[in-house]
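Below is entry_25.txt, which holds compact mmCIF, C-alpha atoms.
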# COMPACT_ATOMS: atom_id res chain seq x y z
CA MET E 1 -125.98 -18.27 68.37
CA VAL E 2 -128.38 -16.17 66.32
CA THR E 3 -128.84 -16.29 62.55
CA GLU E 4 -128.03 -13.26 60.36
CA SER E 5 -131.68 -12.28 59.96
CA GLN E 6 -132.41 -12.72 63.70
CA LEU E 7 -129.41 -10.56 64.60
CA LYS E 8 -130.36 -7.81 62.16
CA GLU E 9 -133.95 -7.69 63.39
CA ALA E 10 -132.78 -7.67 67.02
CA LEU E 11 -130.41 -4.79 66.24
CA ARG E 12 -133.10 -2.83 64.41
CA SER E 13 -135.38 -3.26 67.39
CA TRP E 14 -132.62 -2.20 69.84
CA LEU E 15 -131.81 0.90 67.74
CA SER E 16 -135.48 1.73 67.45
CA GLN E 17 -135.87 1.64 71.25
CA LYS E 18 -132.91 4.02 71.61
CA ASN E 19 -134.28 6.35 68.90
CA PRO E 20 -138.06 6.36 69.31
CA ALA E 21 -138.48 9.25 66.85
CA VAL E 22 -136.90 7.25 64.02
CA PRO E 23 -139.25 4.82 62.18
CA VAL E 24 -137.76 1.33 62.43
CA GLU E 25 -138.30 0.68 58.70
CA THR E 26 -135.89 3.52 57.86
CA ILE E 27 -132.98 1.74 59.59
CA GLY E 28 -131.47 -0.33 56.79
CA ASP E 29 -128.60 -2.80 56.91
CA ASP E 30 -126.21 -0.17 55.53
CA THR E 31 -127.65 2.93 57.24
CA PRO E 32 -124.65 4.82 58.73
CA LEU E 33 -125.48 4.50 62.41
CA ILE E 34 -122.75 6.75 63.80
CA ASP E 35 -122.95 9.46 61.11
CA GLN E 36 -126.72 9.69 61.53
CA ARG E 37 -126.30 9.64 65.34
CA LEU E 38 -128.53 6.59 65.69
CA LEU E 39 -125.68 5.21 67.82
CA THR E 40 -123.66 7.46 70.14
CA SER E 41 -120.47 6.68 72.00
CA ILE E 42 -122.45 6.71 75.26
CA GLN E 43 -124.69 3.91 73.94
CA VAL E 44 -121.85 1.66 72.77
CA MET E 45 -121.34 -0.04 76.13
CA ASP E 46 -125.04 -0.88 76.27
CA LEU E 47 -124.88 -2.26 72.73
CA ALA E 48 -121.73 -4.26 73.54
CA LEU E 49 -123.49 -5.97 76.46
CA PHE E 50 -126.51 -6.68 74.23
CA LEU E 51 -124.25 -8.19 71.54
CA GLU E 52 -122.35 -10.27 74.11
CA ASP E 53 -125.65 -11.75 75.21
CA LEU E 54 -126.62 -12.62 71.63
CA ARG E 55 -123.15 -13.94 70.87
CA GLY E 56 -122.80 -15.90 74.08
CA GLU E 57 -119.27 -14.66 74.78
CA PRO E 58 -117.51 -11.39 75.71
CA LEU E 59 -116.36 -8.85 73.12
CA ASP E 60 -112.79 -7.61 73.21
CA MET E 61 -113.43 -3.88 72.78
CA THR E 62 -109.75 -2.97 73.05
CA ARG E 63 -109.09 -4.34 69.55
CA LEU E 64 -112.02 -2.58 67.89
CA ARG E 65 -112.35 0.61 65.85
CA ALA E 66 -115.51 2.68 65.56
CA GLY E 67 -116.04 1.19 62.07
CA ALA E 68 -117.10 -2.07 63.71
CA PHE E 69 -120.33 -0.31 64.74
CA SER E 70 -120.83 1.80 61.61
CA SER E 71 -123.85 -0.14 60.29
CA ILE E 72 -125.94 -3.23 60.98
CA ASN E 73 -123.99 -5.07 58.26
CA ALA E 74 -120.67 -4.01 59.85
CA ILE E 75 -121.81 -5.31 63.25
CA TRP E 76 -122.85 -8.63 61.71
CA SER E 77 -119.52 -8.98 59.84
CA THR E 78 -117.38 -7.99 62.83
CA PHE E 79 -119.00 -9.99 65.59
CA PHE E 80 -121.07 -12.77 64.08
CA ALA E 81 -120.13 -13.77 60.51
CA GLY E 82 -117.77 -16.75 60.63
CA VAL E 83 -118.47 -17.47 64.31
CA SER E 84 -119.64 -21.05 64.51
CA ALA E 85 -122.94 -21.86 66.16
CA MET L 1 -79.98 -11.69 76.52
CA LEU L 2 -82.47 -10.92 79.29
CA SER L 3 -86.08 -11.95 78.82
CA LEU L 4 -88.58 -9.10 78.85
CA GLU L 5 -89.95 -10.38 82.17
CA THR L 6 -86.50 -10.36 83.83
CA LEU L 7 -85.70 -6.94 82.40
CA VAL L 8 -89.01 -5.55 83.76
CA GLU L 9 -88.24 -6.97 87.22
CA LYS L 10 -84.84 -5.24 87.23
CA LEU L 11 -86.28 -1.97 85.96
CA ASN L 12 -89.07 -2.08 88.56
CA ALA L 13 -86.52 -2.58 91.35
CA SER L 14 -84.37 0.28 90.06
CA SER L 15 -87.34 2.67 89.69
CA GLU L 16 -88.62 1.77 93.14
CA ARG L 17 -85.21 2.51 94.68
CA ASP L 18 -85.16 5.96 93.03
CA TYR L 19 -88.86 6.79 93.49
CA PRO L 20 -90.35 4.70 96.31
CA ALA L 21 -94.16 4.67 96.08
CA PRO L 22 -96.09 5.36 99.29
CA THR L 23 -97.39 2.08 100.71
CA TRP L 24 -100.05 3.66 102.93
CA GLY L 25 -99.28 0.93 105.45
CA LEU L 26 -101.38 -1.50 103.44
CA GLU L 27 -100.76 -5.15 104.20
CA TRP L 28 -101.46 -7.55 101.36
CA PRO L 29 -102.28 -11.13 102.46
CA GLU L 30 -101.19 -13.92 100.08
CA GLN L 31 -104.85 -14.80 99.54
CA PHE L 32 -107.93 -12.77 100.27
CA PRO L 33 -109.38 -14.35 103.46
CA GLU L 34 -112.50 -16.38 102.61
CA GLY L 35 -114.48 -15.10 105.59
CA ALA L 36 -113.82 -11.42 104.85
CA TRP L 37 -115.99 -8.86 103.09
CA ALA L 38 -114.40 -7.02 100.14
CA PHE L 39 -117.43 -4.86 99.32
CA SER L 40 -120.27 -3.45 101.39
CA PRO L 41 -123.18 -5.91 101.01
CA GLU L 42 -125.80 -3.19 100.49
CA LEU L 43 -123.76 -1.80 97.58
CA LEU L 44 -123.71 -5.12 95.73
CA SER L 45 -125.17 -4.44 92.30
CA LEU L 46 -127.65 -7.31 92.64
CA SER L 47 -129.03 -6.10 95.97
CA GLY L 48 -132.82 -5.95 95.87
CA LEU L 49 -133.10 -8.93 93.49
CA PRO L 50 -134.57 -12.26 94.64
CA VAL L 51 -131.46 -14.14 93.46
CA LEU L 52 -129.45 -12.73 96.36
CA GLU L 53 -131.86 -14.23 98.88
CA THR L 54 -130.81 -17.68 97.66
CA PHE L 55 -127.11 -16.99 98.36
CA SER L 56 -125.26 -18.38 101.38
CA GLU L 57 -123.01 -15.96 103.28
CA GLU L 58 -120.02 -17.62 101.61
CA GLN L 59 -121.51 -16.92 98.16
CA LEU L 60 -122.30 -13.32 99.13
CA LYS L 61 -118.67 -12.82 100.17
CA ARG L 62 -117.46 -14.35 96.90
CA LEU L 63 -119.76 -11.98 94.97
CA ALA L 64 -118.45 -9.10 97.11
CA LEU L 65 -114.87 -9.96 96.12
CA LEU L 66 -115.81 -10.02 92.43
CA GLU L 67 -117.71 -6.73 92.78
CA ALA L 68 -114.63 -5.21 94.44
CA GLY L 69 -112.64 -6.43 91.43
CA ASN L 70 -115.21 -4.83 89.14
CA PHE L 71 -115.17 -1.55 91.08
CA PHE L 72 -111.36 -1.36 90.99
CA SER L 73 -111.41 -2.35 87.29
CA LEU L 74 -113.91 0.34 86.34
CA ASN L 75 -111.66 2.80 88.16
CA ILE L 76 -108.65 1.53 86.19
CA ASN L 77 -110.61 1.87 82.94
CA GLY L 78 -111.84 5.36 83.84
CA GLU L 79 -108.38 6.45 84.94
CA LYS L 80 -106.82 5.19 81.69
CA SER L 81 -109.10 7.56 79.75
CA LEU L 82 -108.48 10.28 82.33
CA ILE L 83 -104.69 9.94 82.02
CA GLU L 84 -104.94 10.15 78.20
CA GLY L 85 -107.06 13.29 78.50
CA LEU L 86 -104.85 14.86 81.18
CA ALA L 87 -101.74 14.27 79.06
CA ARG L 88 -103.44 16.11 76.18
CA GLN L 89 -104.24 19.03 78.52
CA CYS L 90 -100.59 19.58 79.52
CA TYR L 91 -98.59 22.43 77.98
CA ARG L 92 -101.33 23.92 75.87
CA PRO L 93 -101.33 27.75 75.80
CA GLN L 94 -104.62 27.82 77.71
CA THR L 95 -103.45 25.36 80.39
CA HIS L 96 -99.95 26.64 81.28
CA ALA L 97 -101.25 27.97 84.58
CA VAL L 98 -102.53 24.55 85.66
CA THR L 99 -100.01 22.19 84.05
CA SER L 100 -97.93 21.96 87.24
CA TYR L 101 -100.91 20.45 89.07
CA ILE L 102 -101.79 18.19 86.13
CA HIS L 103 -98.41 16.50 86.66
CA HIS L 104 -99.40 15.62 90.25
CA PHE L 105 -102.82 14.52 89.05
CA LEU L 106 -101.25 12.19 86.45
CA GLU L 107 -98.80 10.73 88.94
CA GLU L 108 -101.49 10.05 91.52
CA GLU L 109 -103.88 8.48 89.01
CA SER L 110 -101.11 6.19 87.81
CA ARG L 111 -100.44 5.08 91.41
CA HIS L 112 -104.15 4.42 91.95
CA MET L 113 -104.29 2.25 88.85
CA ARG L 114 -101.30 0.29 90.07
CA THR L 115 -102.91 -0.38 93.46
CA PHE L 116 -106.27 -1.34 91.94
CA GLY L 117 -104.56 -3.54 89.35
CA ALA L 118 -102.53 -5.29 92.06
CA PHE L 119 -105.72 -6.08 94.01
CA CYS L 120 -107.56 -7.38 90.92
CA LEU L 121 -104.71 -9.56 89.66
CA LYS L 122 -103.79 -10.94 93.09
CA TYR L 123 -107.25 -11.73 94.42
CA VAL L 124 -109.61 -11.89 91.41
CA GLY L 125 -107.10 -13.18 88.87
CA LYS L 126 -107.96 -10.55 86.25
CA THR L 127 -109.25 -7.06 85.60
CA TYR L 128 -112.66 -6.57 84.01
CA PRO L 129 -112.19 -4.98 80.56
CA ASP L 130 -113.47 -1.62 79.39
CA LYS L 131 -116.53 -1.62 77.09
CA LYS L 132 -116.45 2.08 76.26
CA MET L 133 -115.57 3.66 72.92
CA VAL L 134 -115.49 7.30 71.84
CA PHE L 135 -116.59 8.30 68.33
CA GLU L 136 -114.90 11.33 66.78
CA ARG L 137 -117.14 14.34 66.17
CA GLU L 138 -117.04 18.13 65.75
CA TYR L 139 -117.24 20.40 68.83
CA ALA L 140 -118.00 24.07 69.42
CA GLU L 141 -115.08 26.10 70.84
CA GLY L 142 -114.42 24.99 74.42
CA GLU L 143 -117.06 22.23 74.29
CA GLU L 144 -114.65 19.28 74.16
CA ASP L 145 -112.68 20.55 77.18
CA PHE L 146 -115.89 21.25 79.06
CA LEU L 147 -117.21 17.74 78.39
CA PHE L 148 -113.86 16.20 79.37
CA TRP L 149 -113.69 17.90 82.77
CA THR L 150 -117.38 17.44 83.50
CA LYS L 151 -117.24 13.73 82.70
CA VAL L 152 -114.15 13.42 84.92
CA MET L 153 -116.04 15.16 87.70
CA ILE L 154 -119.16 12.95 87.44
CA PHE L 155 -117.10 9.75 87.17
CA GLU L 156 -114.70 10.56 90.00
CA GLU L 157 -117.23 12.02 92.43
CA THR L 158 -119.50 9.01 91.93
CA ALA L 159 -116.65 6.57 92.54
CA ASP L 160 -115.52 8.66 95.50
CA SER L 161 -118.90 8.28 97.18
CA TYR L 162 -118.13 4.53 97.21
CA ASN L 163 -114.64 5.26 98.59
CA VAL L 164 -116.05 7.28 101.46
CA TYR L 165 -118.72 4.68 102.24
CA MET L 166 -116.40 1.68 102.16
CA ALA L 167 -113.45 3.38 103.91
CA ALA L 168 -115.80 3.77 106.89
CA ASP L 169 -117.35 0.28 106.71
CA GLU L 170 -115.84 -1.69 109.59
CA ARG L 171 -117.14 -5.00 108.22
CA LEU L 172 -114.65 -4.81 105.34
CA HIS L 173 -111.14 -6.28 105.33
CA PRO L 174 -108.56 -3.63 106.40
CA LEU L 175 -106.79 -3.79 103.01
CA VAL L 176 -110.01 -2.86 101.18
CA ARG L 177 -110.78 -0.07 103.63
CA GLY L 178 -107.21 1.19 103.33
CA ILE L 179 -107.36 1.32 99.53
CA HIS L 180 -110.61 3.31 99.64
CA LYS L 181 -109.16 5.64 102.27
CA MET L 182 -106.01 6.23 100.21
CA HIS L 183 -108.06 6.82 97.06
CA HIS L 184 -110.40 9.26 98.78
CA HIS L 185 -107.47 11.16 100.29
CA ASP L 186 -106.01 11.88 96.83
CA GLU L 187 -109.40 12.33 95.18
CA SER L 188 -110.33 15.23 97.44
CA ARG L 189 -107.67 17.30 95.70
CA HIS L 190 -108.64 16.05 92.24
CA LEU L 191 -112.31 16.82 92.88
CA ALA L 192 -111.59 20.38 94.01
CA PHE L 193 -109.46 20.92 90.91
CA GLY L 194 -112.00 19.28 88.58
CA ARG L 195 -114.88 21.40 89.88
CA GLN L 196 -112.89 24.59 89.37
CA MET L 197 -112.00 23.58 85.80
CA VAL L 198 -115.68 22.88 85.05
CA ARG L 199 -116.73 26.19 86.62
CA GLU L 200 -114.14 28.23 84.69
CA ILE L 201 -114.66 26.62 81.28
CA TRP L 202 -118.44 26.98 81.65
CA ALA L 203 -118.11 30.66 82.62
CA GLU L 204 -115.75 31.37 79.71
CA HIS L 205 -117.48 29.50 76.89
CA SER L 206 -121.15 28.91 77.68
CA PRO L 207 -122.18 32.55 76.96
CA LYS L 208 -120.91 32.02 73.39
CA TRP L 209 -122.68 28.69 72.84
CA ASP L 210 -126.07 28.77 71.09
CA ALA L 211 -129.12 26.91 72.37
CA THR L 212 -128.40 23.87 70.17
CA VAL L 213 -124.93 23.41 71.66
CA ILE L 214 -126.22 23.85 75.22
CA GLN L 215 -129.07 21.37 74.64
CA GLY L 216 -126.60 18.93 73.08
CA ILE L 217 -124.30 19.21 76.11
CA ARG L 218 -127.22 18.72 78.48
CA ALA L 219 -128.49 15.63 76.66
CA TYR L 220 -125.01 14.15 76.37
CA LEU L 221 -124.08 14.64 80.02
CA ASN L 222 -127.48 13.41 81.13
CA SER L 223 -126.89 10.15 79.26
CA TYR L 224 -123.30 10.02 80.51
CA ALA L 225 -124.35 10.35 84.17
CA THR L 226 -126.55 7.25 83.79
CA SER L 227 -124.12 5.33 81.60
CA VAL L 228 -121.36 5.65 84.22
CA TRP L 229 -123.52 3.43 86.41
CA ARG L 230 -123.84 0.64 83.84
CA GLU L 231 -120.27 -0.35 84.64
CA TYR L 232 -121.30 -1.02 88.24
CA HIS L 233 -123.63 -3.80 86.96
CA ASN L 234 -121.26 -6.07 85.05
CA PRO L 235 -122.72 -9.26 83.48
CA GLU L 236 -119.20 -10.73 83.47
CA VAL L 237 -119.20 -10.63 87.28
CA TYR L 238 -122.48 -12.56 87.29
CA ARG L 239 -121.05 -15.12 84.82
CA ASP L 240 -117.99 -15.50 87.06
CA MET L 241 -120.37 -16.27 89.93
CA GLY L 242 -121.83 -19.05 87.78
CA LEU L 243 -125.21 -17.31 87.52
CA ALA L 244 -127.47 -18.10 84.56
CA ASP L 245 -128.71 -15.37 82.20
CA ALA L 246 -126.20 -12.71 83.22
CA TYR L 247 -127.60 -10.14 80.78
CA ALA L 248 -131.11 -10.43 82.26
CA LEU L 249 -129.59 -9.91 85.73
CA PHE L 250 -127.77 -6.83 84.43
CA LYS L 251 -131.05 -5.41 83.08
CA ALA L 252 -133.09 -6.32 86.16
CA SER L 253 -130.55 -4.95 88.62
CA PHE L 254 -129.81 -1.77 86.66
CA ASP L 255 -133.50 -0.97 86.09
CA GLY L 256 -134.61 -1.91 89.61
CA PRO L 257 -135.69 0.55 92.31
CA VAL L 258 -132.74 -0.20 94.62
CA ALA L 259 -130.23 0.74 91.92
CA ARG L 260 -132.16 3.87 90.90
CA GLU L 261 -132.25 5.05 94.49
CA ARG L 262 -128.54 4.27 94.89
CA ARG L 263 -127.66 6.26 91.74
CA ALA L 264 -129.61 9.29 92.94
CA LYS L 265 -127.91 9.14 96.34
CA MET L 266 -124.33 8.35 95.35
CA SER L 267 -124.21 10.80 92.40
CA ALA L 268 -126.10 13.56 94.23
CA LYS L 269 -123.09 15.84 94.82
CA PRO L 270 -121.86 16.30 91.22
CA ILE L 271 -125.44 16.57 89.93
CA LYS L 272 -126.31 19.25 92.50
CA PHE L 273 -123.17 21.13 91.47
CA LEU L 274 -124.13 20.97 87.77
CA VAL L 275 -127.71 22.06 88.48
CA GLY L 276 -126.35 25.00 90.51
CA LEU L 277 -124.09 26.00 87.63
CA GLY L 278 -126.99 25.85 85.16
CA VAL L 279 -125.51 22.97 83.14
CA PHE L 280 -128.43 20.74 84.14
CA GLU L 281 -131.97 22.05 84.56
CA GLU L 282 -132.96 19.03 86.67
CA ASP L 283 -131.61 15.73 87.98
CA PRO L 284 -131.20 12.93 85.41
CA ALA L 285 -134.07 10.42 85.18
CA TRP L 286 -132.17 7.78 87.16
Spit out the file's structure as structure tokens when you get a sec.
Amino acid sequence: MVTESQLKEALRSWLSQKNPAVPVETIGDDTPLIDQRLLTSIQVMDLALFLEDLRGEPLDMTRLRAGAFSSINAIWSTFFAGVSA
Amino acid sequence: MLSLETLVEKLNASSERDYPAPTWGLEWPEQFPEGAWAFSPELLSLSGLPVLETFSEEQLKRLALLEAGNFFSLNINGEKSLIEGLARQCYRPQTHAVTSYIHHFLEEESRHMRTFGAFCLKYVGKTYPDKKMVFEREYAEGEEDFLFWTKVMIFEETADSYNVYMAADERLHPLVRGIHKMHHHDESRHLAFGRQMVREIWAEHSPKWDATVIQGIRAYLNSYATSVWREYHNPEVYRDMGLADAYALFKASFDGPVARERRAKMSAKPIKFLVGLGVFEEDPAW
């Protein structure tokens, strides 16, 4: 299980790879990823598999709303905060 | 008071008396025979990776059964979205002329899902869940319909290339071959219909779309064509095989030359069609 700071850095790096024109330092914890099109619906499956690997268990996507992926903080809160190591 | 389970059994029996579903002569063994192939070995998502060379034939056949479960599951997941979209297309002023066929389309997709689901639950013990999600956004006039039908076409024609291949593969168990044959038989109608919808919506709307919309459509469909294939490399299948580092296997198999070549070959027909129509300027970078 990753720590909060490890997860956020890993996510920033993943988003930066998907958006090479966007400087990584401009992707903050509350940057609206979907509104700014840093994350598209096509990329969500890729991100879900990446998060499952970091989390060590599958995600149940059927229970999720788009808001779960709206920012780095939202991803941390939805999938990692409160999950024991 | 009947339990829900008992009520469903009674309702199933009643519906099947009134509307018997075609069985296609498929025979369903109690258990999938251990010595039988459920998936063509060269289509296994891990083919080309060193890990497969360490597998015994028994392990390869187990992986083939799980990959068959994954293939049928990704079809169920795709058809769920398709059915939602088709239901929205019915009885709109612009679709009155085609609504009668959409009813057949819906009915046949529902039957496919039922067959695939039966295989997965009986022989794999589960279906593999969907990982896709669609974010709401604004569209130019006609763009949403165009993307819907084009995505349907890419998804279904790609899956159908597997149907055709495996329906003809004599190494596979007759039930698996029969399911692929049945699916392909119905898909040939769906594919003809889907192509015509794509052709007509493109002809009607694309002259009104500006360069930004066209470039957006191109980029989106280009990414979609590749993303369809991610579902064919499912880390959950690798975990179910007891393999370590399933995500690394997903990355290695998806990015490897065998998979790239397979994508180019198995998705060639819809891509050629889209290049011919002018939607794509070139093949996706597989």
Shortest contact to E:Glu57, candidates E:Met1, E:Val44, E:Leu33, E:Ile72, atoms counted only C-alpha atoms, goes to E:Met1
Would you kindly report the residues of chain L within 12 Å of chain E, using all atoms listed in the file, as a PyMOL selection string?
chain L and resi 77+128-138+151+219-231+233-237+239+244-251+254
Compile the contact shell of E:Ser77 as a list of chain:residue names: residues with an atom at most 12 Å away, counting all atoms listed in the file, same-chain residues fewer than 5 positions apart removed.
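Listing them by chain and then by number gives E:Glu4, E:Leu7, E:Lys8, E:Asp29, E:Asp30, E:Gly67, E:Ala68, E:Phe69, E:Ser70, E:Ser71, E:Ile72, E:Gly82, E:Val83.
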In Å to one decimal, how far is atom CA of L:Ser15 from atom CA of L:Val124?
26.7 Å
Provide the atom CA of L:Trp209 to atom CA of L:Trp149 distance in Å, to one decimal place.
17.2 Å
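Rounded to one decimal, atom CA of L:Pro270 and atom CA of L:Glu282 lie 12.3 Å from each other.
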Once you add 8 Å to each side, what are the centre and edge lengths of the axis-aligned box holding all listed atoms of stretch 250-256 of chain L? One decimal in Å, as lines of an AutoDock Vina configuration file, if you can.
center_x = -131.2
center_y = -3.9
center_z = 86.3
size_x = 22.8
size_y = 21.9
size_z = 22.5
Using all atoms listed in the file, determine which residues lie at most 10 Å from L:Arg171, disregarding the query and same-chain residues fewer than 6 positions distant; provide the list as an MDAnalysis selection string.
chainID L and resid 36:41 177
Option closest in space to E:Glu9, from E:Leu38, E:Ala81, E:Gly56, E:Asn73 [counting all atoms listed in the file]
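Answer, going by the shortest atom-to-atom distance: E:Asn73.
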When you get a chance, write out N, CA and C atoms for stretch 8-21 of chain E, as an mmCIF file, in the coordinates of the input.
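What landed in selection26.cif:
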data_model
loop_
_atom_site.group_PDB
_atom_site.id
_atom_site.type_symbol
_atom_site.label_atom_id
_atom_site.label_comp_id
_atom_site.auth_asym_id
_atom_site.auth_seq_id
_atom_site.Cartn_x
_atom_site.Cartn_y
_atom_site.Cartn_z
ATOM 1 N N LYS E 8 -130.056 -9.111 62.760
ATOM 2 C CA LYS E 8 -130.360 -7.810 62.160
ATOM 3 C C LYS E 8 -131.693 -7.276 62.676
ATOM 4 N N GLU E 9 -132.660 -8.149 62.843
ATOM 5 C CA GLU E 9 -133.950 -7.690 63.390
ATOM 6 C C GLU E 9 -133.800 -7.257 64.843
ATOM 7 N N ALA E 10 -133.012 -8.021 65.606
ATOM 8 C CA ALA E 10 -132.780 -7.670 67.020
ATOM 9 C C ALA E 10 -132.089 -6.311 67.118
ATOM 10 N N LEU E 11 -131.128 -6.075 66.232
ATOM 11 C CA LEU E 11 -130.410 -4.790 66.240
ATOM 12 C C LEU E 11 -131.329 -3.634 65.862
ATOM 13 N N ARG E 12 -132.155 -3.881 64.831
ATOM 14 C CA ARG E 12 -133.100 -2.830 64.410
ATOM 15 C C ARG E 12 -134.047 -2.479 65.565
ATOM 16 N N SER E 13 -134.468 -3.491 66.268
ATOM 17 C CA SER E 13 -135.380 -3.260 67.390
ATOM 18 C C SER E 13 -134.662 -2.493 68.518
ATOM 19 N N TRP E 14 -133.413 -2.875 68.797
ATOM 20 C CA TRP E 14 -132.620 -2.200 69.840
ATOM 21 C C TRP E 14 -132.415 -0.725 69.469
ATOM 22 N N LEU E 15 -132.050 -0.487 68.194
ATOM 23 C CA LEU E 15 -131.810 0.900 67.740
ATOM 24 C C LEU E 15 -133.092 1.714 67.775
ATOM 25 N N SER E 16 -134.194 1.047 67.451
ATOM 26 C CA SER E 16 -135.480 1.730 67.450
ATOM 27 C C SER E 16 -135.886 2.157 68.877
ATOM 28 N N GLN E 17 -135.584 1.281 69.844
ATOM 29 C CA GLN E 17 -135.870 1.640 71.250
ATOM 30 C C GLN E 17 -135.035 2.841 71.696
ATOM 31 N N LYS E 18 -133.792 2.913 71.217
ATOM 32 C CA LYS E 18 -132.910 4.020 71.610
ATOM 33 C C LYS E 18 -133.255 5.311 70.873
ATOM 34 N N ASN E 19 -133.935 5.176 69.723
ATOM 35 C CA ASN E 19 -134.280 6.350 68.900
ATOM 36 C C ASN E 19 -135.762 6.306 68.561
ATOM 37 N N PRO E 20 -136.619 6.545 69.546
ATOM 38 C CA PRO E 20 -138.060 6.360 69.310
ATOM 39 C C PRO E 20 -138.638 7.241 68.211
ATOM 40 N N ALA E 21 -137.943 8.355 67.889
ATOM 41 C CA ALA E 21 -138.480 9.250 66.850
ATOM 42 C C ALA E 21 -138.163 8.752 65.438
#
